Each structure stands twice: as C-alpha cells, then as structure tokens.
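Undergrad: Structure supplied as coords.json; contents: JSON, C-alpha atoms.
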```json
[["chain", "number", "residue", "atom", "x", "y", "z"],
["I", 1, "MET", "CA", -15.46, -5.21, -27.18],
["I", 2, "LYS", "CA", -12.04, -3.61, -27.13],
["I", 3, "ALA", "CA", -10.05, -3.68, -23.89],
["I", 4, "GLU", "CA", -9.71, 0.12, -23.79],
["I", 5, "GLU", "CA", -13.48, 0.59, -24.06],
["I", 6, "LEU", "CA", -14.01, -1.85, -21.21],
["I", 7, "LEU", "CA", -11.53, 0.03, -19.02],
["I", 8, "ALA", "CA", -13.16, 3.38, -19.76],
["I", 9, "ARG", "CA", -16.55, 1.97, -18.72],
["I", 10, "ILE", "CA", -15.57, 1.06, -15.16],
["I", 11, "ARG", "CA", -17.82, 3.00, -12.77],
["I", 12, "LYS", "CA", -16.40, 5.10, -9.94],
["I", 13, "VAL", "CA", -17.71, 3.85, -6.60],
["I", 14, "ASP", "CA", -17.74, 5.26, -3.08],
["I", 15, "PRO", "CA", -15.68, 3.71, -0.29],
["I", 16, "ALA", "CA", -17.37, 2.27, 2.84],
["I", 17, "ASP", "CA", -18.92, 4.86, 5.18],
["I", 18, "ASP", "CA", -16.83, 3.83, 8.18],
["I", 19, "LEU", "CA", -13.46, 3.98, 6.42],
["I", 20, "LEU", "CA", -12.56, 7.42, 7.79],
["I", 21, "GLN", "CA", -13.37, 6.20, 11.31],
["I", 22, "ARG", "CA", -11.08, 3.21, 10.79],
["I", 23, "ILE", "CA", -8.27, 5.53, 9.67],
["I", 24, "GLU", "CA", -8.75, 7.83, 12.67],
["I", 25, "LEU", "CA", -8.77, 4.81, 14.96],
["I", 26, "ARG", "CA", -5.46, 3.62, 13.54],
["I", 27, "ILE", "CA", -3.96, 7.08, 14.06],
["I", 28, "ALA", "CA", -5.28, 7.22, 17.62],
["I", 29, "LYS", "CA", -3.96, 3.73, 18.44],
["I", 30, "ARG", "CA", -0.57, 4.64, 17.08],
["I", 31, "THR", "CA", -0.46, 7.84, 19.13],
["I", 32, "VAL", "CA", -0.96, 5.78, 22.27],
["I", 33, "THR", "CA", 1.27, 2.84, 21.41],
["I", 34, "VAL", "CA", 4.34, 4.77, 20.23],
["I", 35, "PRO", "CA", 5.14, 6.43, 23.62],
["I", 36, "LEU", "CA", 4.40, 3.13, 25.37],
["I", 37, "ARG", "CA", 6.82, 1.36, 23.09],
["I", 38, "LEU", "CA", 9.47, 3.92, 23.99],
["I", 39, "VAL", "CA", 8.90, 3.32, 27.70],
["I", 40, "TYR", "CA", 9.17, -0.47, 27.21],
["I", 41, "ARG", "CA", 12.36, -0.01, 25.21],
["I", 42, "ALA", "CA", 13.91, 2.21, 27.88],
["I", 43, "ALA", "CA", 12.99, -0.29, 30.62],
["I", 44, "ALA", "CA", 14.42, -3.19, 28.62],
["I", 45, "SER", "CA", 17.68, -1.30, 28.02],
["I", 46, "PHE", "CA", 17.94, -0.48, 31.72],
["I", 47, "LEU", "CA", 17.46, -4.13, 32.70],
["I", 48, "LEU", "CA", 19.94, -5.30, 30.10],
["I", 49, "ILE", "CA", 22.61, -2.91, 31.36],
["I", 50, "ALA", "CA", 21.97, -4.00, 34.95],
["I", 51, "ALA", "CA", 22.26, -7.67, 33.96],
["I", 52, "LEU", "CA", 25.48, -7.00, 32.07],
["I", 53, "GLU", "CA", 26.90, -5.17, 35.04],
["I", 54, "CYS", "CA", 26.06, -8.15, 37.28],
["I", 55, "THR", "CA", 27.76, -10.57, 34.90],
["I", 56, "LEU", "CA", 30.85, -8.40, 34.68],
["I", 57, "MET", "CA", 31.11, -8.05, 38.44],
["I", 58, "LEU", "CA", 30.64, -11.77, 38.98],
["I", 59, "THR", "CA", 33.29, -12.72, 36.47],
["I", 60, "SER", "CA", 35.80, -10.07, 37.49],
["I", 61, "THR", "CA", 35.56, -10.31, 41.28],
["I", 62, "GLY", "CA", 34.20, -13.79, 41.89],
["I", 63, "LYS", "CA", 31.89, -12.41, 44.59],
["I", 64, "GLU", "CA", 28.67, -14.06, 45.60],
["I", 65, "GLN", "CA", 25.69, -13.22, 43.42],
["I", 66, "THR", "CA", 23.75, -11.64, 46.29],
["I", 67, "ASP", "CA", 26.60, -9.25, 47.10],
["I", 68, "VAL", "CA", 26.78, -8.15, 43.49],
["I", 69, "ALA", "CA", 23.04, -7.71, 43.28],
["I", 70, "GLN", "CA", 23.19, -5.57, 46.40],
["I", 71, "GLN", "CA", 25.94, -3.45, 44.85],
["I", 72, "VAL", "CA", 23.99, -2.96, 41.63],
["I", 73, "ASP", "CA", 20.91, -2.05, 43.66],
["I", 74, "ASN", "CA", 22.92, 0.51, 45.57],
["I", 75, "GLN", "CA", 24.29, 1.97, 42.34],
["I", 76, "ILE", "CA", 20.85, 2.21, 40.79],
["I", 77, "TYR", "CA", 19.36, 4.01, 43.79],
["I", 78, "GLU", "CA", 22.30, 6.30, 44.37],
["L", 1, "MET", "CA", -1.54, 22.27, 5.82],
["L", 2, "HIS", "CA", -4.93, 20.59, 5.42],
["L", 3, "ASP", "CA", -7.22, 18.86, 7.84],
["L", 4, "LEU", "CA", -7.23, 15.07, 7.33],
["L", 5, "ARG", "CA", -11.03, 14.96, 7.27],
["L", 6, "GLU", "CA", -11.11, 17.62, 4.60],
["L", 7, "LEU", "CA", -8.55, 15.77, 2.47],
["L", 8, "TYR", "CA", -10.45, 12.52, 2.98],
["L", 9, "LYS", "CA", -13.69, 14.15, 1.88],
["L", 10, "LEU", "CA", -12.06, 15.51, -1.26],
["L", 11, "TYR", "CA", -9.92, 12.57, -2.32],
["L", 12, "SER", "CA", -11.06, 9.29, -0.71],
["L", 13, "LYS", "CA", -13.18, 8.30, -3.71],
["L", 14, "MET", "CA", -10.29, 8.94, -6.08],
["L", 15, "VAL", "CA", -7.87, 6.97, -3.87],
["L", 16, "TYR", "CA", -10.31, 4.09, -3.44],
["L", 17, "ASN", "CA", -11.03, 3.74, -7.16],
["L", 18, "LEU", "CA", -7.37, 3.96, -8.11],
["L", 19, "ALA", "CA", -6.54, 1.29, -5.52],
["L", 20, "LEU", "CA", -9.35, -0.89, -6.93],
["L", 21, "SER", "CA", -7.74, -0.67, -10.36],
["L", 22, "TYR", "CA", -4.58, -2.18, -8.91],
["L", 23, "VAL", "CA", -5.99, -4.87, -6.62],
["L", 24, "GLN", "CA", -9.54, -5.46, -7.95],
["L", 25, "ASN", "CA", -11.08, -6.30, -4.64],
["L", 26, "VAL", "CA", -12.78, -4.29, -1.93],
["L", 27, "GLU", "CA", -10.87, -5.52, 1.13],
["L", 28, "ASP", "CA", -7.42, -4.85, -0.29],
["L", 29, "ALA", "CA", -8.50, -1.48, -1.72],
["L", 30, "GLU", "CA", -9.79, -0.43, 1.72],
["L", 31, "GLU", "CA", -6.46, -1.43, 3.29],
["L", 32, "ILE", "CA", -4.65, 0.71, 0.72],
["L", 33, "VAL", "CA", -6.95, 3.70, 1.36],
["L", 34, "GLN", "CA", -6.14, 3.47, 5.07],
["L", 35, "ASP", "CA", -2.41, 3.24, 4.40],
["L", 36, "VAL", "CA", -2.56, 6.18, 1.98],
["L", 37, "PHE", "CA", -4.32, 8.50, 4.43],
["L", 38, "LEU", "CA", -1.99, 7.46, 7.26],
["L", 39, "LYS", "CA", 0.91, 8.46, 5.02],
["L", 40, "VAL", "CA", -0.84, 11.71, 4.08],
["L", 41, "HIS", "CA", -1.31, 12.40, 7.80],
["L", 42, "ASP", "CA", 2.34, 11.63, 8.58],
["L", 43, "ARG", "CA", 3.91, 13.36, 5.61],
["L", 44, "GLN", "CA", 1.99, 16.62, 5.48],
["L", 45, "ASP", "CA", 5.14, 18.49, 6.50],
["L", 46, "GLU", "CA", 7.07, 16.86, 3.65],
["L", 47, "PHE", "CA", 4.62, 18.14, 1.05],
["L", 48, "ARG", "CA", 6.57, 20.88, -0.67],
["L", 49, "GLY", "CA", 3.75, 22.30, -2.74],
["L", 50, "ASP", "CA", 5.70, 21.77, -5.99],
["L", 51, "SER", "CA", 2.68, 19.89, -7.32],
["L", 52, "ALA", "CA", -1.03, 20.02, -6.54],
["L", 53, "VAL", "CA", -2.23, 18.16, -3.45],
["L", 54, "LYS", "CA", -4.27, 15.93, -5.76],
["L", 55, "THR", "CA", -1.16, 14.91, -7.74],
["L", 56, "TRP", "CA", 0.73, 14.29, -4.50],
["L", 57, "ILE", "CA", -2.05, 12.02, -3.18],
["L", 58, "TYR", "CA", -2.28, 10.25, -6.54],
["L", 59, "ARG", "CA", 1.46, 9.55, -6.35],
["L", 60, "ILE", "CA", 1.20, 8.20, -2.80],
["L", 61, "THR", "CA", -1.69, 5.96, -3.89],
["L", 62, "VAL", "CA", 0.20, 4.55, -6.87],
["L", 63, "ASN", "CA", 3.27, 3.80, -4.75],
["L", 64, "THR", "CA", 1.25, 2.36, -1.87],
["L", 65, "SER", "CA", -0.72, 0.11, -4.24],
["L", 66, "LEU", "CA", 2.44, -1.17, -5.90],
["L", 67, "ASP", "CA", 4.10, -1.82, -2.52],
["L", 68, "TYR", "CA", 0.98, -3.61, -1.32],
["L", 69, "LEU", "CA", 0.97, -5.88, -4.39],
["L", 70, "LYS", "CA", 4.69, -6.56, -4.01],
["L", 71, "LYS", "CA", 4.25, -7.61, -0.38],
["L", 72, "GLN", "CA", 1.22, -9.73, -1.22],
["L", 73, "LYS", "CA", 3.07, -11.49, -4.02],
["L", 74, "ALA", "CA", 6.14, -12.12, -1.86],
["L", 75, "ALA", "CA", 4.02, -13.54, 0.97],
["L", 76, "LYS", "CA", 2.13, -15.86, -1.38],
["L", 77, "ARG", "CA", 5.30, -16.97, -3.12],
["L", 78, "SER", "CA", 7.12, -17.84, 0.07],
["L", 79, "PHE", "CA", 4.06, -19.62, 1.47],
["L", 80, "LEU", "CA", 3.54, -21.69, -1.67],
["L", 81, "GLN", "CA", 7.22, -22.42, -2.12],
["L", 82, "ARG", "CA", 7.52, -23.57, 1.46],
["L", 83, "PHE", "CA", 4.69, -26.07, 1.13],
["L", 84, "SER", "CA", 4.70, -27.15, -2.50],
["L", 85, "GLY", "CA", 7.74, -25.67, -4.19],
["L", 86, "LYS", "CA", 5.42, -24.02, -6.78],
["L", 87, "GLN", "CA", 5.29, -20.41, -7.93],
["L", 88, "ALA", "CA", 2.30, -18.28, -6.96],
["L", 89, "GLU", "CA", -0.54, -18.05, -9.49],
["L", 90, "GLU", "CA", -2.62, -14.99, -10.33],
["L", 91, "PRO", "CA", -5.10, -14.07, -7.58],
["L", 92, "ALA", "CA", -8.55, -15.48, -8.24],
["L", 93, "HIS", "CA", -10.30, -13.18, -5.75],
["L", 94, "PHE", "CA", -11.91, -10.65, -8.09],
["L", 95, "ASN", "CA", -14.42, -8.36, -6.40],
["L", 96, "HIS", "CA", -14.58, -5.02, -8.22],
["L", 97, "PRO", "CA", -17.76, -3.09, -7.36],
["L", 98, "GLY", "CA", -17.31, -0.77, -10.36],
["L", 99, "VAL", "CA", -18.04, -3.41, -12.99],
["L", 100, "GLN", "CA", -21.39, -4.80, -14.11],
["L", 101, "LEU", "CA", -22.08, -8.30, -12.86],
["L", 102, "GLU", "CA", -22.83, -9.66, -16.35],
["L", 103, "GLU", "CA", -19.46, -8.40, -17.60],
["L", 104, "GLU", "CA", -17.47, -9.61, -14.62],
["L", 105, "GLU", "CA", -15.92, -12.53, -16.50],
["L", 106, "ALA", "CA", -14.62, -10.25, -19.28],
["L", 107, "TYR", "CA", -13.12, -7.87, -16.71],
["L", 108, "ARG", "CA", -11.62, -10.73, -14.73],
["L", 109, "LYS", "CA", -9.78, -11.92, -17.85],
["L", 110, "LEU", "CA", -8.75, -8.40, -18.80],
["L", 111, "PHE", "CA", -7.35, -7.59, -15.35],
["L", 112, "GLY", "CA", -5.67, -10.99, -15.22],
["L", 113, "VAL", "CA", -3.67, -9.88, -18.25],
["L", 114, "ILE", "CA", -3.14, -6.29, -17.01],
["L", 115, "ASN", "CA", -1.74, -7.68, -13.75],
["L", 116, "GLU", "CA", 0.98, -9.45, -15.74],
["L", 117, "LEU", "CA", 2.24, -6.19, -17.27],
["L", 118, "PRO", "CA", 5.40, -4.53, -15.92],
["L", 119, "VAL", "CA", 4.43, -2.07, -13.16],
["L", 120, "GLN", "CA", 5.25, 1.13, -15.07],
["L", 121, "GLN", "CA", 3.21, 0.00, -18.09],
["L", 122, "LYS", "CA", 0.37, -1.01, -15.83],
["L", 123, "THR", "CA", 0.40, 2.39, -14.11],
["L", 124, "ALA", "CA", 0.44, 4.28, -17.42],
["L", 125, "LEU", "CA", -2.51, 2.22, -18.66],
["L", 126, "ILE", "CA", -4.52, 2.71, -15.44],
["L", 127, "LEU", "CA", -3.91, 6.46, -15.25],
["L", 128, "LEU", "CA", -4.68, 7.12, -18.91],
["L", 129, "LYS", "CA", -7.51, 4.70, -19.58],
["L", 130, "ILE", "CA", -9.27, 4.15, -16.25],
["L", 131, "GLU", "CA", -8.56, 7.47, -14.53],
["L", 132, "GLY", "CA", -8.89, 9.36, -17.82],
["L", 133, "MET", "CA", -5.82, 11.52, -17.22],
["L", 134, "SER", "CA", -3.96, 13.41, -19.90],
["L", 135, "GLN", "CA", -0.40, 12.36, -20.67],
["L", 136, "ALA", "CA", 0.90, 15.49, -18.92],
["L", 137, "GLU", "CA", -1.08, 14.71, -15.75],
["L", 138, "ALA", "CA", 0.04, 11.06, -15.74],
["L", 139, "ALA", "CA", 3.63, 12.22, -16.30],
["L", 140, "GLU", "CA", 3.44, 14.45, -13.24],
["L", 141, "VAL", "CA", 2.09, 11.64, -11.06],
["L", 142, "MET", "CA", 4.68, 9.16, -12.31],
["L", 143, "GLU", "CA", 7.49, 11.76, -12.20],
["L", 144, "ILE", "CA", 8.59, 11.02, -15.76],
["L", 145, "SER", "CA", 8.25, 12.89, -19.06],
["L", 146, "ALA", "CA", 5.04, 12.90, -21.11],
["L", 147, "LYS", "CA", 6.97, 11.17, -23.90],
["L", 148, "ALA", "CA", 7.94, 8.37, -21.54],
["L", 149, "VAL", "CA", 4.28, 7.97, -20.54],
["L", 150, "GLU", "CA", 3.28, 7.70, -24.19],
["L", 151, "SER", "CA", 5.98, 5.11, -24.82],
["L", 152, "LEU", "CA", 4.93, 3.08, -21.76],
["L", 153, "PHE", "CA", 1.31, 3.23, -22.84],
["L", 154, "GLN", "CA", 2.08, 2.06, -26.39],
["L", 155, "ARG", "CA", 4.10, -0.86, -25.02],
["L", 156, "ALA", "CA", 1.31, -1.70, -22.56],
["L", 157, "LYS", "CA", -1.22, -1.70, -25.39],
["L", 158, "ALA", "CA", 0.95, -3.95, -27.56],
["L", 159, "ASN", "CA", 1.59, -6.36, -24.67],
["L", 160, "LEU", "CA", -2.06, -6.37, -23.74],
["L", 161, "SER", "CA", -3.32, -7.29, -27.21],
["L", 162, "GLN", "CA", -0.61, -9.92, -27.53],
["L", 163, "LYS", "CA", -1.48, -11.51, -24.20],
["L", 164, "LEU", "CA", -5.23, -11.29, -24.84],
["L", 165, "GLN", "CA", -4.70, -13.00, -28.19],
["L", 166, "LYS", "CA", -2.85, -15.79, -26.41],
["L", 167, "THR", "CA", -5.67, -16.30, -23.90],
["L", 168, "LYS", "CA", -8.15, -16.54, -26.80],
["L", 169, "GLU", "CA", -6.01, -19.21, -28.44],
["L", 170, "LEU", "CA", -5.96, -21.34, -25.28]]
```
Can you dump the structure from the file as structure tokens?

TA:
Amino acid sequence: MKAEELLARIRKVDPADDLLQRIELRIAKRTVTVPLRLVYRAAASFLLIAALECTLMLTSTGKEQTDVAQQVDNQIYE
Amino acid sequence: MHDLRELYKLYSKMVYNLALSYVQNVEDAEEIVQDVFLKVHDRQDEFRGDSAVKTWIYRITVNTSLDYLKKQKAAKRSFLQRFSGKQAEEPAHFNHPGVQLEEEEAYRKLFGVINELPVQQKTALILLKIEGMSQAEAAEVMEISAKAVESLFQRAKANLSQKLQKTKEL
C-alpha cells in the first residue's frame, strides 16, 4: 500500500477525559507559585544586600562583626 | 477573547491528533496538548485576529510539537554521548492509538522514515496528508506561500519514497 494512502487512513482519536483537568491544575499551580517565587526572590535579594553591607563595613572599618551586625540591624529597622 | 474550556472543547481533538502525528505516542502527545493550551491561555491577548482561531492554534501546536521533539532529541543525544559516545537512534516507543493493531508495523516503519525528514517537509506532509488540509490552509499555518508548501510536499514525497526504497533493500 502506498505511504500516502496509509497516512490518510489514520483515525482521529479523542484525548484522555482528564486532560482538561490536568491543564487547569497546571494553570492553578502556576498562579500560586509565581507570586511565591517573587517573594522568595525579594527576600534573597534583601539578604544578599545585607550580607554585602556587612562585608563592606568589616573590610572598611575593621570593626567587630557583632558591632557591624548591630549597625545593619539598626539600618534595616530604621 | 474565548474561554479556555470552550477552546479546549472545540480544538483539543485536533491538537491531540496533530501532536500524535509528530510524536506517535500517547504520553508525549498529552504533554504537548497541555503545553499548547497553557500557551493559548497565556497568549490570548497576543492573538491579533489576523487569522482564524483554529489556524492560530494549529500554528501553536506545530511549533510546540517541533520544540518538544528538539528538546527530546537533545536530551537523548547528550545522555547517550555522555555514557557511550554514540549518537541517539530513532525512538522505538511507538504507541499511536489511531492506527490498526495489525498495521502497526507498517506505520512504525513509515513514521520512522517521516521522522528523518527535515522539519518543514515533515510539517507539509502531515498537514496535507494526515490533516487533509488544502495547500492554502497549510500555507497559512506554516506562514509561507502555497507554492512553497507544494514544493516542500514534493520534496517530502521524493525523500520518502527514496528512504522507503532503502529500507526495503536492507
């Protein structure tokens, strides 16, 4: 049998019944996880900046780590 | 624009069967259907209405299927190369629910050859011969001229018969 005839004879079939549910679940999961990811990213950036500030203060002033940490704390809460 | 459920009801069968033509197995086709409708959901605002919704969804399905195959091939290649230094072979996992069981072997061989065609030729062949589209419809989906579709199809046909001849000789 010719290849073209074989291709034309392929039957159209229905997808699984729960496929729409799976799609909606993926959309719902994404809706929840995207804002959470943003919160995590913001928190990570904040911590990174605080750590950098600590390092800079330690290297530039030579103060004790606890003093610097106290200063950073004060700055954050101001 | 449209409700996702409504679009799914209208086009999921079309998307699923088109995806099956590219990947020839149920699991991968279902993955593609999910990816397509997620894109439809995300990109509804981008739909400009220059073409019919059906053509737009067809286009997304073709592109998603091709991307899926590209990723799959790259993953297999890197895995095989890492462990054996060999190139990936054609996938043996054929599970197409639209073909008769007694003809499965013939289809497996045929798709094995179709999968070796360049992607544009493969798409022209699938849209014209499996989806039963006209050249004008296929041209709209592929965003090329009808003449280009005809040329791709003729080349696909020539390549196909050449490759099928080779497999018979083996």

Undergrad: Pull out every residue of chain L sitting within 6 Å of chain I, counting all atoms listed in the file, and send them as an mmCIF file with C-alpha atoms, in the coordinates of the input.

TA:
```cif
data_model
loop_
_atom_site.group_PDB
_atom_site.id
_atom_site.type_symbol
_atom_site.label_atom_id
_atom_site.label_comp_id
_atom_site.auth_asym_id
_atom_site.auth_seq_id
_atom_site.Cartn_x
_atom_site.Cartn_y
_atom_site.Cartn_z
ATOM 1 C CA LYS L 13 -13.180 8.300 -3.710
ATOM 2 C CA GLN L 34 -6.140 3.470 5.070
ATOM 3 C CA GLY L 98 -17.310 -0.770 -10.360
ATOM 4 C CA VAL L 99 -18.040 -3.410 -12.990
ATOM 5 C CA LYS L 129 -7.510 4.700 -19.580
ATOM 6 C CA ILE L 130 -9.270 4.150 -16.250
#
```

Undergrad: Figure out the distance between atom CA of L:Thr167 and atom CA of L:Val113, please, to one decimal in Å.

TA: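 Atom CA of L:Val113 sits 8.8 Å away from atom CA of L:Thr167.
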
Undergrad: Distance atom CA of L:Leu10-atom CA of L:Val40, one decimal place?

TA: 13.0 Å

Undergrad: Just give me the gap between atom CA of L:His96 and atom CA of L:Val26 in Å, one decimal is fine.

TA: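 One can read the atom CA of L:His96 to atom CA of L:Val26 distance as 6.6 Å.
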